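Student: Structure file target34.cif (mmCIF, C-alpha atoms) is given on the next line.
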data_data
loop_
_atom_site.group_PDB
_atom_site.id
_atom_site.type_symbol
_atom_site.label_atom_id
_atom_site.label_comp_id
_atom_site.auth_asym_id
_atom_site.auth_seq_id
_atom_site.Cartn_x
_atom_site.Cartn_y
_atom_site.Cartn_z
ATOM 1 C CA MET A 1491 0.000 0.000 0.000
ATOM 2 C CA LYS A 1492 2.779 2.475 0.819
ATOM 3 C CA THR A 1493 4.653 1.843 -2.457
ATOM 4 C CA PHE A 1494 1.672 2.743 -4.682
ATOM 5 C CA PRO A 1495 2.009 6.556 -4.387
ATOM 6 C CA LEU A 1496 5.733 6.298 -5.124
ATOM 7 C CA LEU A 1497 5.040 4.191 -8.215
ATOM 8 C CA LEU A 1498 2.371 6.660 -9.374
ATOM 9 C CA LEU A 1499 4.748 9.597 -8.885
ATOM 10 C CA PHE A 1500 7.428 7.817 -10.902
ATOM 11 C CA CYS A 1501 5.016 7.242 -13.793
ATOM 12 C CA VAL A 1502 3.955 10.900 -13.832
ATOM 13 C CA LEU A 1503 7.562 12.071 -13.893
ATOM 14 C CA THR A 1504 8.371 9.699 -16.744
ATOM 15 C CA ILE A 1505 5.468 10.921 -18.885
ATOM 16 C CA THR A 1506 6.378 14.558 -18.249
ATOM 17 C CA SER A 1507 9.988 13.923 -19.250
ATOM 18 C CA CYS A 1508 8.951 12.285 -22.527
ATOM 19 C CA GLU A 1509 6.568 15.088 -23.503
ATOM 20 C CA PHE A 1510 9.071 17.808 -22.608
ATOM 21 C CA SER A 1511 10.997 17.175 -25.869
ATOM 22 C CA LYS A 1512 7.892 17.916 -27.943
ATOM 23 C CA SER A 1513 6.667 21.410 -28.791
ATOM 24 C CA VAL A 1514 4.069 23.134 -30.943
ATOM 25 C CA GLU A 1515 4.101 26.920 -31.423
ATOM 26 C CA LYS A 1516 2.481 29.480 -33.711
ATOM 27 C CA ASP A 1517 3.534 33.098 -34.184
ATOM 28 C CA LEU A 1518 0.387 35.208 -33.874
ATOM 29 C CA ILE A 1519 1.757 37.917 -36.203
ATOM 30 C CA THR A 1520 3.195 35.911 -39.093
ATOM 31 C CA GLY A 1521 1.369 32.617 -38.583
ATOM 32 C CA LEU A 1522 4.727 30.810 -38.561
ATOM 33 C CA PHE A 1523 3.949 27.335 -37.221
ATOM 34 C CA THR A 1524 6.666 25.167 -35.668
ATOM 35 C CA LYS A 1525 6.672 21.656 -34.254
ATOM 36 C CA GLY A 1526 9.500 19.904 -32.442
ATOM 37 C CA ASP A 1527 9.844 16.235 -31.618
ATOM 38 C CA GLY A 1528 13.148 15.417 -29.936
ATOM 39 C CA LEU A 1529 14.659 18.690 -31.147
ATOM 40 C CA SER A 1530 13.863 22.060 -29.607
ATOM 41 C CA CYS A 1531 14.634 25.620 -30.624
ATOM 42 C CA ASP A 1532 14.959 28.745 -28.515
ATOM 43 C CA ASP A 1533 13.713 31.074 -31.278
ATOM 44 C CA VAL A 1534 12.476 30.690 -34.857
ATOM 45 C CA TYR A 1535 12.108 33.877 -36.895
ATOM 46 C CA LEU A 1536 12.165 35.446 -40.335
ATOM 47 C CA SER A 1537 14.857 37.915 -41.383
ATOM 48 C CA ASP A 1538 16.228 39.720 -44.417
ATOM 49 C CA GLY A 1539 19.686 38.428 -43.555
ATOM 50 C CA ASN A 1540 20.328 41.207 -41.054
ATOM 51 C CA GLU A 1541 17.113 42.307 -39.363
ATOM 52 C CA LYS A 1542 14.084 40.377 -38.179
ATOM 53 C CA ILE A 1543 10.956 40.828 -40.268
ATOM 54 C CA GLN A 1544 7.377 40.219 -39.223
ATOM 55 C CA ARG A 1545 5.405 40.043 -42.444
ATOM 56 C CA THR A 1546 4.345 37.395 -44.928
ATOM 57 C CA THR A 1547 4.094 39.451 -48.116
ATOM 58 C CA PHE A 1548 7.297 39.592 -50.126
ATOM 59 C CA THR A 1549 8.360 41.438 -53.268
ATOM 60 C CA TYR A 1550 9.227 39.293 -56.264
ATOM 61 C CA GLY A 1551 12.983 38.655 -56.155
ATOM 62 C CA GLU A 1552 13.310 39.345 -52.426
ATOM 63 C CA LYS A 1553 15.606 37.064 -50.429
ATOM 64 C CA ILE A 1554 14.362 35.930 -47.031
ATOM 65 C CA PHE A 1555 15.814 33.745 -44.292
ATOM 66 C CA LEU A 1556 14.177 31.413 -41.797
ATOM 67 C CA ASN A 1557 16.415 31.223 -38.727
ATOM 68 C CA PHE A 1558 16.494 28.482 -36.101
ATOM 69 C CA ASP A 1559 18.331 29.963 -33.117
ATOM 70 C CA ASP A 1560 19.900 27.710 -30.470
ATOM 71 C CA ILE A 1561 18.481 24.414 -31.695
ATOM 72 C CA THR A 1562 19.261 21.526 -29.366
ATOM 73 C CA GLY A 1563 18.563 17.818 -28.913
ATOM 74 C CA PHE A 1564 20.963 16.341 -31.463
ATOM 75 C CA LYS A 1565 22.867 13.164 -30.726
ATOM 76 C CA LYS A 1566 26.457 14.321 -31.038
ATOM 77 C CA GLU A 1567 29.218 12.618 -32.999
ATOM 78 C CA ASN A 1568 32.703 13.902 -32.213
ATOM 79 C CA ASP A 1569 31.023 16.777 -30.380
ATOM 80 C CA SER A 1570 29.173 17.773 -33.555
ATOM 81 C CA ALA A 1571 25.489 17.873 -34.393
ATOM 82 C CA ILE A 1572 24.771 16.483 -37.861
ATOM 83 C CA PRO A 1573 21.462 17.874 -39.151
ATOM 84 C CA GLY A 1574 19.612 17.479 -42.397
ATOM 85 C CA MET A 1575 17.275 20.156 -43.696
ATOM 86 C CA TYR A 1576 14.670 20.001 -46.456
ATOM 87 C CA LEU A 1577 12.865 22.965 -47.998
ATOM 88 C CA TYR A 1578 9.669 22.826 -50.055
ATOM 89 C CA VAL A 1579 7.565 25.615 -51.552
ATOM 90 C CA ILE A 1580 4.022 24.473 -52.233
ATOM 91 C CA GLY A 1581 1.395 26.206 -54.365
ATOM 92 C CA THR A 1582 -2.280 26.663 -53.520
ATOM 93 C CA THR A 1583 -3.227 23.586 -55.557
ATOM 94 C CA GLY A 1584 -0.822 21.441 -53.550
ATOM 95 C CA ASP A 1585 1.837 21.270 -56.255
ATOM 96 C CA THR A 1586 5.455 21.493 -55.144
ATOM 97 C CA VAL A 1587 7.032 24.342 -57.115
ATOM 98 C CA LEU A 1588 10.419 24.208 -55.385
ATOM 99 C CA ARG A 1589 12.098 21.266 -53.659
ATOM 100 C CA ALA A 1590 15.430 20.892 -51.881
ATOM 101 C CA GLU A 1591 15.789 17.514 -50.209
ATOM 102 C CA ASP A 1592 18.785 18.330 -47.983
ATOM 103 C CA LEU A 1593 20.362 21.767 -47.765
ATOM 104 C CA TYR A 1594 23.107 20.314 -45.533
ATOM 105 C CA ALA A 1595 23.992 17.352 -47.733
ATOM 106 C CA ASN A 1596 27.574 18.638 -48.052
ATOM 107 C CA LYS A 1597 28.022 19.083 -44.279
ATOM 108 C CA ALA A 1598 28.864 15.483 -43.441
ATOM 109 C CA ASP A 1599 30.929 16.568 -40.431
ATOM 110 C CA GLY A 1600 28.070 18.631 -39.033
ATOM 111 C CA PHE A 1601 28.406 21.634 -36.741
ATOM 112 C CA ASN A 1602 30.109 21.987 -33.367
ATOM 113 C CA GLU A 1603 29.026 25.589 -32.695
ATOM 114 C CA SER A 1604 27.202 26.352 -29.461
ATOM 115 C CA PRO A 1605 24.623 27.760 -29.467
ATOM 116 C CA LEU A 1606 23.780 26.265 -32.834
ATOM 117 C CA LEU A 1607 22.089 28.513 -35.405
ATOM 118 C CA LEU A 1608 20.660 26.875 -38.507
ATOM 119 C CA ARG A 1609 18.960 28.800 -41.278
ATOM 120 C CA ALA A 1610 17.493 28.400 -44.722
ATOM 121 C CA ASP A 1611 17.239 31.099 -47.360
ATOM 122 C CA LEU A 1612 14.704 31.499 -50.137
ATOM 123 C CA THR A 1613 14.780 33.871 -53.089
ATOM 124 C CA VAL A 1614 11.184 34.608 -53.981
ATOM 125 C CA ALA A 1615 11.579 34.332 -57.779
ATOM 126 C CA THR A 1616 10.997 31.886 -60.631
ATOM 127 C CA PRO A 1617 9.562 29.234 -60.327
ATOM 128 C CA ILE A 1618 7.719 31.327 -57.714
ATOM 129 C CA HIS A 1619 5.601 34.095 -59.247
ATOM 130 C CA SER A 1620 4.049 37.345 -58.101
ATOM 131 C CA GLY A 1621 0.315 37.528 -57.562
ATOM 132 C CA LYS A 1622 0.221 34.059 -56.025
ATOM 133 C CA LYS A 1623 0.185 32.467 -52.575
ATOM 134 C CA TYR A 1624 2.487 29.725 -51.330
ATOM 135 C CA LYS A 1625 3.412 27.631 -48.310
ATOM 136 C CA LEU A 1626 7.030 27.369 -47.190
ATOM 137 C CA SER A 1627 7.758 24.073 -45.452
ATOM 138 C CA ILE A 1628 11.119 23.424 -43.793
ATOM 139 C CA GLY A 1629 12.128 20.339 -41.847
ATOM 140 C CA ILE A 1630 15.234 19.598 -39.786
ATOM 141 C CA TRP A 1631 16.186 16.098 -38.716
ATOM 142 C CA ASP A 1632 18.996 14.522 -36.734
ATOM 143 C CA LYS A 1633 21.061 12.268 -38.992
ATOM 144 C CA LYS A 1634 22.429 10.448 -35.924
ATOM 145 C CA GLY A 1635 19.189 10.292 -33.975
ATOM 146 C CA GLU A 1636 15.424 10.474 -34.321
ATOM 147 C CA GLY A 1637 14.779 14.123 -33.462
ATOM 148 C CA THR A 1638 12.881 16.382 -35.877
ATOM 149 C CA PHE A 1639 11.815 20.020 -36.041
ATOM 150 C CA THR A 1640 9.506 21.478 -38.686
ATOM 151 C CA ALA A 1641 8.316 24.965 -39.643
ATOM 152 C CA GLN A 1642 5.588 26.137 -42.012
ATOM 153 C CA LEU A 1643 4.749 29.613 -43.259
ATOM 154 C CA ASP A 1644 2.034 30.813 -45.635
ATOM 155 C CA PHE A 1645 3.158 33.767 -47.755
ATOM 156 C CA ASP A 1646 2.230 35.705 -50.842
ATOM 157 C CA VAL A 1647 4.284 37.469 -53.506
ATOM 158 C CA ILE A 1648 3.754 40.888 -55.061
ATOM 159 C CA PRO A 1649 5.496 42.707 -57.936
ATOM 160 C CA ASN A 1650 7.871 45.591 -57.263
ATOM 161 C CA ALA A 1651 5.584 48.479 -56.244
ATOM 162 C CA LEU A 1652 8.283 50.973 -57.292
ATOM 163 C CA ILE A 1653 7.778 50.070 -60.976
ATOM 164 C CA GLU A 1654 4.723 51.631 -62.619
ATOM 165 C CA VAL A 1655 3.313 49.598 -65.497
ATOM 166 C CA GLU A 1656 0.980 50.535 -68.340
ATOM 167 C CA THR A 1657 -0.071 47.623 -70.532
ATOM 168 C CA ASN A 1658 -2.833 46.189 -72.683
ATOM 169 C CA ILE A 1659 -1.218 42.753 -73.036
ATOM 170 C CA ARG A 1660 -0.227 39.997 -70.641
ATOM 171 C CA TYR A 1661 3.156 39.333 -69.067
ATOM 172 C CA ASP A 1662 4.308 37.100 -66.204
ATOM 173 C CA GLU A 1663 6.986 39.173 -64.453
ATOM 174 C CA LEU A 1664 8.621 42.578 -64.826
ATOM 175 C CA TYR A 1665 11.610 43.441 -62.644
ATOM 176 C CA LEU A 1666 15.063 44.996 -62.351
ATOM 177 C CA PHE A 1667 18.053 42.656 -62.322
ATOM 178 C CA SER A 1668 21.748 43.054 -61.531
ATOM 179 C CA ARG A 1669 23.897 40.594 -63.440
ATOM 180 C CA LYS A 1670 26.940 41.713 -61.478
ATOM 181 C CA HIS A 1671 25.345 40.551 -58.231
ATOM 182 C CA SER A 1672 23.056 37.915 -59.814
ATOM 183 C CA LYS A 1673 19.986 39.174 -58.005
ATOM 184 C CA VAL A 1674 16.706 40.967 -58.482
ATOM 185 C CA ILE A 1675 16.745 44.582 -57.300
ATOM 186 C CA THR A 1676 13.721 45.196 -55.087
ATOM 187 C CA ASP A 1677 14.529 48.551 -53.452
ATOM 188 C CA ASN A 1678 15.582 50.394 -56.659
ATOM 189 C CA THR A 1679 18.889 51.386 -55.062
ATOM 190 C CA LEU A 1680 22.270 50.721 -56.644
ATOM 191 C CA ASN A 1681 25.731 52.143 -57.144
ATOM 192 C CA ALA A 1682 26.348 54.742 -59.837
ATOM 193 C CA GLY A 1683 28.357 53.284 -62.704
ATOM 194 C CA GLU A 1684 26.594 49.929 -62.404
ATOM 195 C CA ASP A 1685 24.547 48.527 -65.278
ATOM 196 C CA ILE A 1686 21.246 46.813 -64.571
ATOM 197 C CA TYR A 1687 18.527 45.273 -66.714
ATOM 198 C CA MET A 1688 14.784 45.707 -66.973
ATOM 199 C CA LEU A 1689 13.469 42.204 -67.627
ATOM 200 C CA PHE A 1690 10.089 41.242 -69.088
ATOM 201 C CA GLU A 1691 9.102 37.588 -68.731
ATOM 202 C CA GLY A 1692 6.194 35.844 -70.408
ATOM 203 C CA ILE A 1693 4.980 38.606 -72.738
ATOM 204 C CA SER A 1694 2.008 37.419 -74.798
ATOM 205 C CA GLY A 1695 -0.676 39.021 -76.945
ATOM 206 C CA PHE A 1696 1.472 40.106 -79.912
ATOM 207 C CA VAL A 1697 0.319 39.436 -83.462
ATOM 208 C CA VAL A 1698 1.979 36.209 -84.647
ATOM 209 C CA GLU A 1699 2.789 35.708 -88.335
ATOM 210 C CA LYS A 1700 4.241 32.322 -89.262
ATOM 211 C CA ASN A 1701 5.429 31.851 -85.674
ATOM 212 C CA MET A 1702 7.233 35.216 -85.751
ATOM 213 C CA VAL A 1703 6.525 38.424 -83.844
ATOM 214 C CA TYR A 1704 7.761 41.953 -84.492
ATOM 215 C CA PRO A 1705 8.550 43.839 -81.282
ATOM 216 C CA GLY A 1706 9.985 47.279 -80.703
ATOM 217 C CA LEU A 1707 11.999 48.173 -77.600
ATOM 218 C CA SER A 1708 12.663 51.747 -76.473
ATOM 219 C CA VAL A 1709 14.760 52.875 -73.513
ATOM 220 C CA GLN A 1710 15.128 56.309 -71.978
ATOM 221 C CA VAL A 1711 16.991 57.384 -68.837
ATOM 222 C CA LYS A 1712 16.910 60.913 -67.418
ATOM 223 C CA ASP A 1713 18.825 62.375 -64.495
ATOM 224 C CA GLN A 1714 17.115 64.258 -61.672
ATOM 225 C CA THR A 1715 17.317 67.536 -63.615
ATOM 226 C CA GLY A 1716 15.432 66.002 -66.522
ATOM 227 C CA ALA A 1717 18.465 65.781 -68.793
ATOM 228 C CA VAL A 1718 18.499 62.702 -71.026
ATOM 229 C CA VAL A 1719 21.534 60.483 -70.332
ATOM 230 C CA MET A 1720 20.407 57.449 -72.343
ATOM 231 C CA ASN A 1721 17.950 57.290 -75.226
ATOM 232 C CA TYR A 1722 17.206 54.511 -77.709
ATOM 233 C CA ALA A 1723 14.112 54.870 -79.876
ATOM 234 C CA ASP A 1724 14.121 51.199 -80.898
ATOM 235 C CA LEU A 1725 16.726 48.635 -79.935
ATOM 236 C CA PHE A 1726 14.945 46.130 -82.192
ATOM 237 C CA ALA A 1727 15.041 48.358 -85.286
ATOM 238 C CA ASP A 1728 17.258 45.868 -87.160
ATOM 239 C CA LEU A 1729 14.625 43.168 -86.616
ATOM 240 C CA SER A 1730 11.688 45.127 -88.016
ATOM 241 C CA GLU A 1731 11.612 43.057 -91.192
ATOM 242 C CA ALA A 1732 12.867 39.689 -89.913
ATOM 243 C CA GLY A 1733 11.122 39.646 -86.524
ATOM 244 C CA ILE A 1734 11.929 37.117 -83.815
ATOM 245 C CA PRO A 1735 10.460 33.682 -82.993
ATOM 246 C CA ALA A 1736 7.335 34.071 -80.853
ATOM 247 C CA PRO A 1737 8.710 31.766 -78.092
ATOM 248 C CA ASP A 1738 11.734 34.066 -77.700
ATOM 249 C CA LEU A 1739 9.481 37.017 -76.907
ATOM 250 C CA SER A 1740 7.534 34.949 -74.397
ATOM 251 C CA GLU A 1741 10.686 33.694 -72.689
ATOM 252 C CA LEU A 1742 12.479 36.983 -72.015
ATOM 253 C CA VAL A 1743 12.932 40.534 -73.233
ATOM 254 C CA SER A 1744 15.635 42.625 -71.557
ATOM 255 C CA ALA A 1745 16.783 46.225 -71.739
ATOM 256 C CA GLN A 1746 20.126 47.332 -70.330
ATOM 257 C CA LEU A 1747 20.089 50.524 -68.252
ATOM 258 C CA THR A 1748 23.364 52.417 -67.834
ATOM 259 C CA PHE A 1749 24.024 54.996 -65.116
ATOM 260 C CA PRO A 1750 27.313 56.938 -65.406
ATOM 261 C CA ALA A 1751 29.478 57.169 -62.294
ATOM 262 C CA THR A 1752 28.971 60.954 -62.386
ATOM 263 C CA MET A 1753 25.340 60.373 -61.328
ATOM 264 C CA ARG A 1754 26.362 59.322 -57.817
ATOM 265 C CA GLU A 1755 24.110 60.599 -55.002
ATOM 266 C CA SER A 1756 21.274 61.364 -57.386
ATOM 267 C CA ARG A 1757 18.137 59.874 -58.853
ATOM 268 C CA ALA A 1758 17.359 58.680 -62.369
ATOM 269 C CA LYS A 1759 14.022 58.163 -64.082
ATOM 270 C CA CYS A 1760 13.841 55.185 -66.408
ATOM 271 C CA GLU A 1761 11.234 54.331 -69.021
ATOM 272 C CA VAL A 1762 11.254 51.085 -71.015
ATOM 273 C CA THR A 1763 8.576 50.186 -73.571
ATOM 274 C CA VAL A 1764 8.013 46.988 -75.529
ATOM 275 C CA TRP A 1765 5.446 47.269 -78.319
ATOM 276 C CA ASP A 1766 4.017 45.236 -81.192
ATOM 277 C CA LYS A 1767 4.857 46.570 -84.660
ATOM 278 C CA LYS A 1768 2.100 44.436 -86.177
ATOM 279 C CA GLY A 1769 -0.594 45.307 -83.646
ATOM 280 C CA ASP A 1770 -1.478 47.654 -80.806
ATOM 281 C CA GLY A 1771 0.019 45.606 -77.950
ATOM 282 C CA LYS A 1772 2.298 47.497 -75.584
ATOM 283 C CA VAL A 1773 3.792 47.308 -72.105
ATOM 284 C CA LYS A 1774 5.560 50.340 -70.622
ATOM 285 C CA ALA A 1775 7.512 50.292 -67.363
ATOM 286 C CA THR A 1776 8.525 53.476 -65.543
ATOM 287 C CA THR A 1777 10.584 53.678 -62.386
ATOM 288 C CA GLU A 1778 13.031 55.826 -60.443
ATOM 289 C CA ILE A 1779 16.471 54.603 -59.399
ATOM 290 C CA GLU A 1780 18.401 55.976 -56.432
ATOM 291 C CA LEU A 1781 22.134 56.050 -57.137
ATOM 292 C CA LYS A 1782 24.744 55.911 -54.387
#
What does the file become when written as structure tokens?
Tutor:
Amino acid sequence: MKTFPLLLLFCVLTITSCEFSKSVEKDLITGLFTKGDGLSCDDVYLSDGNEKIQRTTFTYGEKIFLNFDDITGFKKENDSAIPGMYLYVIGTTGDTVLRAEDLYANKADGFNESPLLLRADLTVATPIHSGKKYKLSIGIWDKKGEGTFTAQLDFDVIPNALIEVETNIRYDELYLFSRKHSKVITDNTLNAGEDIYMLFEGISGFVVEKNMVYPGLSVQVKDQTGAVVMNYADLFADLSEAGIPAPDLSELVSAQLTFPATMRESRAKCEVTVWDKKGDGKVKATTEIELK
């Protein structure tokens, strides 16, 4: 009779210890949902690489990070934790548009840092598209044990609000791109003397003749005083008779924008127009660039 309470107490303590390694949390601002089983994390948060962010709407081309701060519970090998990490981006119809099975596949020796910070980055660009909603799903597992930790975030993507567009045809994406840095420019800020590109993806609606289309492409750049520093009436003038294959227009049209180094600490207004020489289709993009 006297041993029964001690046995009951022992059972309660055992159950509590087992459940302690499991966790379920949801951020009330972003809706970020996390679940740990054998692995636990002191803090899970979104960032731009430097600062925390608390939003779920991202500009096309933006790079975001999901950070797992002070994650513990790994079975160590040579004092190192050896995690795996998958990353999926899932569309609203349930289709997986982006899949990475193990972001740490090349880290066979693991990590011996303490506290341990793991993070995954995602550039919100093709095959992701603006005007759509997605679910980011990230999972961490212990390659030497059974612990897991997962995170899910619903997010949506918008085009660059700093680019004004006038159009009577369809296109998929329109954005500024730096080839030097291999990234989409989302804040319209860059160094003077640097060339960037205005890219048009998925243009459709042009008149097609024998699988050929006949586009025009004009580019104009003015400095903050209104002086013209770059002006091309039609970069496709040489193709007016020959045209280009319709699939080439749909795939990509690009216009290079050049800003002289003398424009440092100023602003430039850029206007790029693609139009149909066989019809009335047109898309015009206007934006301002801040030069440092």
Student: Give me the residues within 12 Å of Ser1730 in chain A as a VMD selection string, counting all atoms listed in the file and dropping any in the same chain fewer than 3 places off.
Tutor: chain A and resid 1702 to 1707 1724 to 1727 1733 to 1734 1765 to 1768
Student: Selected residues, C-alpha atoms, written as an mmCIF file, keeping the file's coordinate frame, please.
Tutor:
data_model
loop_
_atom_site.group_PDB
_atom_site.id
_atom_site.type_symbol
_atom_site.label_atom_id
_atom_site.label_comp_id
_atom_site.auth_asym_id
_atom_site.auth_seq_id
_atom_site.Cartn_x
_atom_site.Cartn_y
_atom_site.Cartn_z
ATOM 1 C CA MET A 1702 7.233 35.216 -85.751
ATOM 2 C CA VAL A 1703 6.525 38.424 -83.844
ATOM 3 C CA TYR A 1704 7.761 41.953 -84.492
ATOM 4 C CA PRO A 1705 8.550 43.839 -81.282
ATOM 5 C CA GLY A 1706 9.985 47.279 -80.703
ATOM 6 C CA LEU A 1707 11.999 48.173 -77.600
ATOM 7 C CA ASP A 1724 14.121 51.199 -80.898
ATOM 8 C CA LEU A 1725 16.726 48.635 -79.935
ATOM 9 C CA PHE A 1726 14.945 46.130 -82.192
ATOM 10 C CA ALA A 1727 15.041 48.358 -85.286
ATOM 11 C CA GLY A 1733 11.122 39.646 -86.524
ATOM 12 C CA ILE A 1734 11.929 37.117 -83.815
ATOM 13 C CA TRP A 1765 5.446 47.269 -78.319
ATOM 14 C CA ASP A 1766 4.017 45.236 -81.192
ATOM 15 C CA LYS A 1767 4.857 46.570 -84.660
ATOM 16 C CA LYS A 1768 2.100 44.436 -86.177
#
Student: Excluding Gly1692 in chain A and any residue of its chain fewer than 5 positions from it, enumerate the residues within 12 Å of it, using only C-alpha atoms, and give them as a PDB file with C-alpha atoms, in the frame of the given file.
Tutor:
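Saved as part-v8.pdb:
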ATOM      1  CA  THR A1616      10.997  31.886 -60.631  1.00  0.00           C
ATOM      2  CA  HIS A1619       5.601  34.095 -59.247  1.00  0.00           C
ATOM      3  CA  ILE A1659      -1.218  42.753 -73.036  1.00  0.00           C
ATOM      4  CA  ARG A1660      -0.227  39.997 -70.641  1.00  0.00           C
ATOM      5  CA  TYR A1661       3.156  39.333 -69.067  1.00  0.00           C
ATOM      6  CA  ASP A1662       4.308  37.100 -66.204  1.00  0.00           C
ATOM      7  CA  GLU A1663       6.986  39.173 -64.453  1.00  0.00           C
ATOM      8  CA  LEU A1664       8.621  42.578 -64.826  1.00  0.00           C
ATOM      9  CA  ALA A1736       7.335  34.071 -80.853  1.00  0.00           C
ATOM     10  CA  PRO A1737       8.710  31.766 -78.092  1.00  0.00           C
ATOM     11  CA  ASP A1738      11.734  34.066 -77.700  1.00  0.00           C
ATOM     12  CA  LEU A1739       9.481  37.017 -76.907  1.00  0.00           C
ATOM     13  CA  SER A1740       7.534  34.949 -74.397  1.00  0.00           C
ATOM     14  CA  GLU A1741      10.686  33.694 -72.689  1.00  0.00           C
ATOM     15  CA  LEU A1742      12.479  36.983 -72.015  1.00  0.00           C
ATOM     16  CA  VAL A1743      12.932  40.534 -73.233  1.00  0.00           C
ATOM     17  CA  SER A1744      15.635  42.625 -71.557  1.00  0.00           C
ATOM     18  CA  VAL A1773       3.792  47.308 -72.105  1.00  0.00           C
TER      19      VAL A1773
END
Student: As an exercise, work out the distance from CA of Cys1531 in chain A to CA of Gly1551 in chain A in Å and give it to one decimal place.
Tutor: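 Separation of CA of Cys1531 in chain A and CA of Gly1551 in chain A: 28.7 Å.
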Student: Can you give me, as a list in words, the residues this file yields under the PyMOL selection byres ((chain A and resi 1537-1550) around 6)?
Tutor: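 Here the PyMOL selection byres ((chain A and resi 1537-1550) around 6) matches Thr1520, Leu1536, Gly1551, Glu1552, Ile1554, Phe1555, Val1614, Ala1615, Ser1620, Phe1645, Asp1646, Val1647, Ile1648, Pro1649 and Asn1650 of chain A.
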Student: Skip range 1712-1721 of chain A itself and residues of its chain fewer than 6 positions away, then list as JSON, numbers by chain all residues within 6 Å of it, counting only C-alpha atoms.
Tutor: {"A": [1757, 1758, 1759]}
Student: On this structure, the PyMOL selection byres ((chain A and resi 1684-1687) around 10) would catch which residues? List them as a PyMOL selection string, sorted by chain and number.
Tutor: chain A and resi 1665-1671+1674-1675+1680-1683+1688-1690+1743-1751+1781
Student: Write out the residues from the selection above, keeping C-alpha atoms, as a tab-separated table (two decimals), keeping the file's coordinate frame.
Tutor:
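Heads up, here's the output in selection.tsv:
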chain	number	residue	atom	x	y	z
A	1665	TYR	CA	11.61	43.44	-62.64
A	1666	LEU	CA	15.06	45.00	-62.35
A	1667	PHE	CA	18.05	42.66	-62.32
A	1668	SER	CA	21.75	43.05	-61.53
A	1669	ARG	CA	23.90	40.59	-63.44
A	1670	LYS	CA	26.94	41.71	-61.48
A	1671	HIS	CA	25.34	40.55	-58.23
A	1674	VAL	CA	16.71	40.97	-58.48
A	1675	ILE	CA	16.74	44.58	-57.30
A	1680	LEU	CA	22.27	50.72	-56.64
A	1681	ASN	CA	25.73	52.14	-57.14
A	1682	ALA	CA	26.35	54.74	-59.84
A	1683	GLY	CA	28.36	53.28	-62.70
A	1688	MET	CA	14.78	45.71	-66.97
A	1689	LEU	CA	13.47	42.20	-67.63
A	1690	PHE	CA	10.09	41.24	-69.09
A	1743	VAL	CA	12.93	40.53	-73.23
A	1744	SER	CA	15.64	42.62	-71.56
A	1745	ALA	CA	16.78	46.22	-71.74
A	1746	GLN	CA	20.13	47.33	-70.33
A	1747	LEU	CA	20.09	50.52	-68.25
A	1748	THR	CA	23.36	52.42	-67.83
A	1749	PHE	CA	24.02	55.00	-65.12
A	1750	PRO	CA	27.31	56.94	-65.41
A	1751	ALA	CA	29.48	57.17	-62.29
A	1781	LEU	CA	22.13	56.05	-57.14
Student: For the provided coordinates, the residues matched by the PyMOL selection byres ((chain A and resi 1524-1526) around 6) should be stated as a list of chain:residue names.
Tutor: A:Lys1512, A:Ser1513, A:Val1514, A:Glu1515, A:Phe1523, A:Asp1527, A:Leu1529, A:Ser1530, A:Thr1638, A:Phe1639, A:Thr1640, A:Ala1641
Student: In Å, with one decimal, what is the gap from CA of Thr1657 in chain A to CA of Ser1672 in chain A?
Tutor: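 Pair CA of Thr1657 in chain A / CA of Ser1672 in chain A returns 27.3 Å.
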Student: From the list A:Asn1602, A:Asn1568, A:Ser1627, A:Thr1562, which residue is nearest Leu1522 in chain A when using all atoms listed in the file?
Tutor: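 The answer is A:Ser1627, which sits nearest to Leu1522 in chain A.
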Student: When you draw a straight line from CA of Leu1556 in chain A to CA of Leu1607 in chain A, how long is it in Å?
Tutor: 10.6 Å
Student: Edge lengths and centre in Å to one decimal, as JSON, of the axis-aligned box that encloses all listed atoms of range 1715-1724 of chain A with 4 Å added on every side?
Tutor:
{"center_x": 17.8, "center_y": 59.4, "center_z": -72.3, "size_x": 15.4, "size_y": 24.3, "size_z": 25.3}
Student: Which residue is closest to Leu1612 in chain A? Choose from A:Lys1516, A:Arg1589, A:Lys1565, A:Lys1597 and count all atoms listed in the file.
Tutor: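 When distances to Leu1612 in chain A are compared using all atoms listed in the file, the smallest one comes from A:Arg1589.
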Student: Find the residue from A:Thr1582, A:Thr1776, A:Ser1694, A:Thr1679 that sits nearest to Gly1621 in chain A; use all atoms listed in the file when measuring.
Tutor: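 Result for the nearest residue to Gly1621 in chain A: A:Thr1582.
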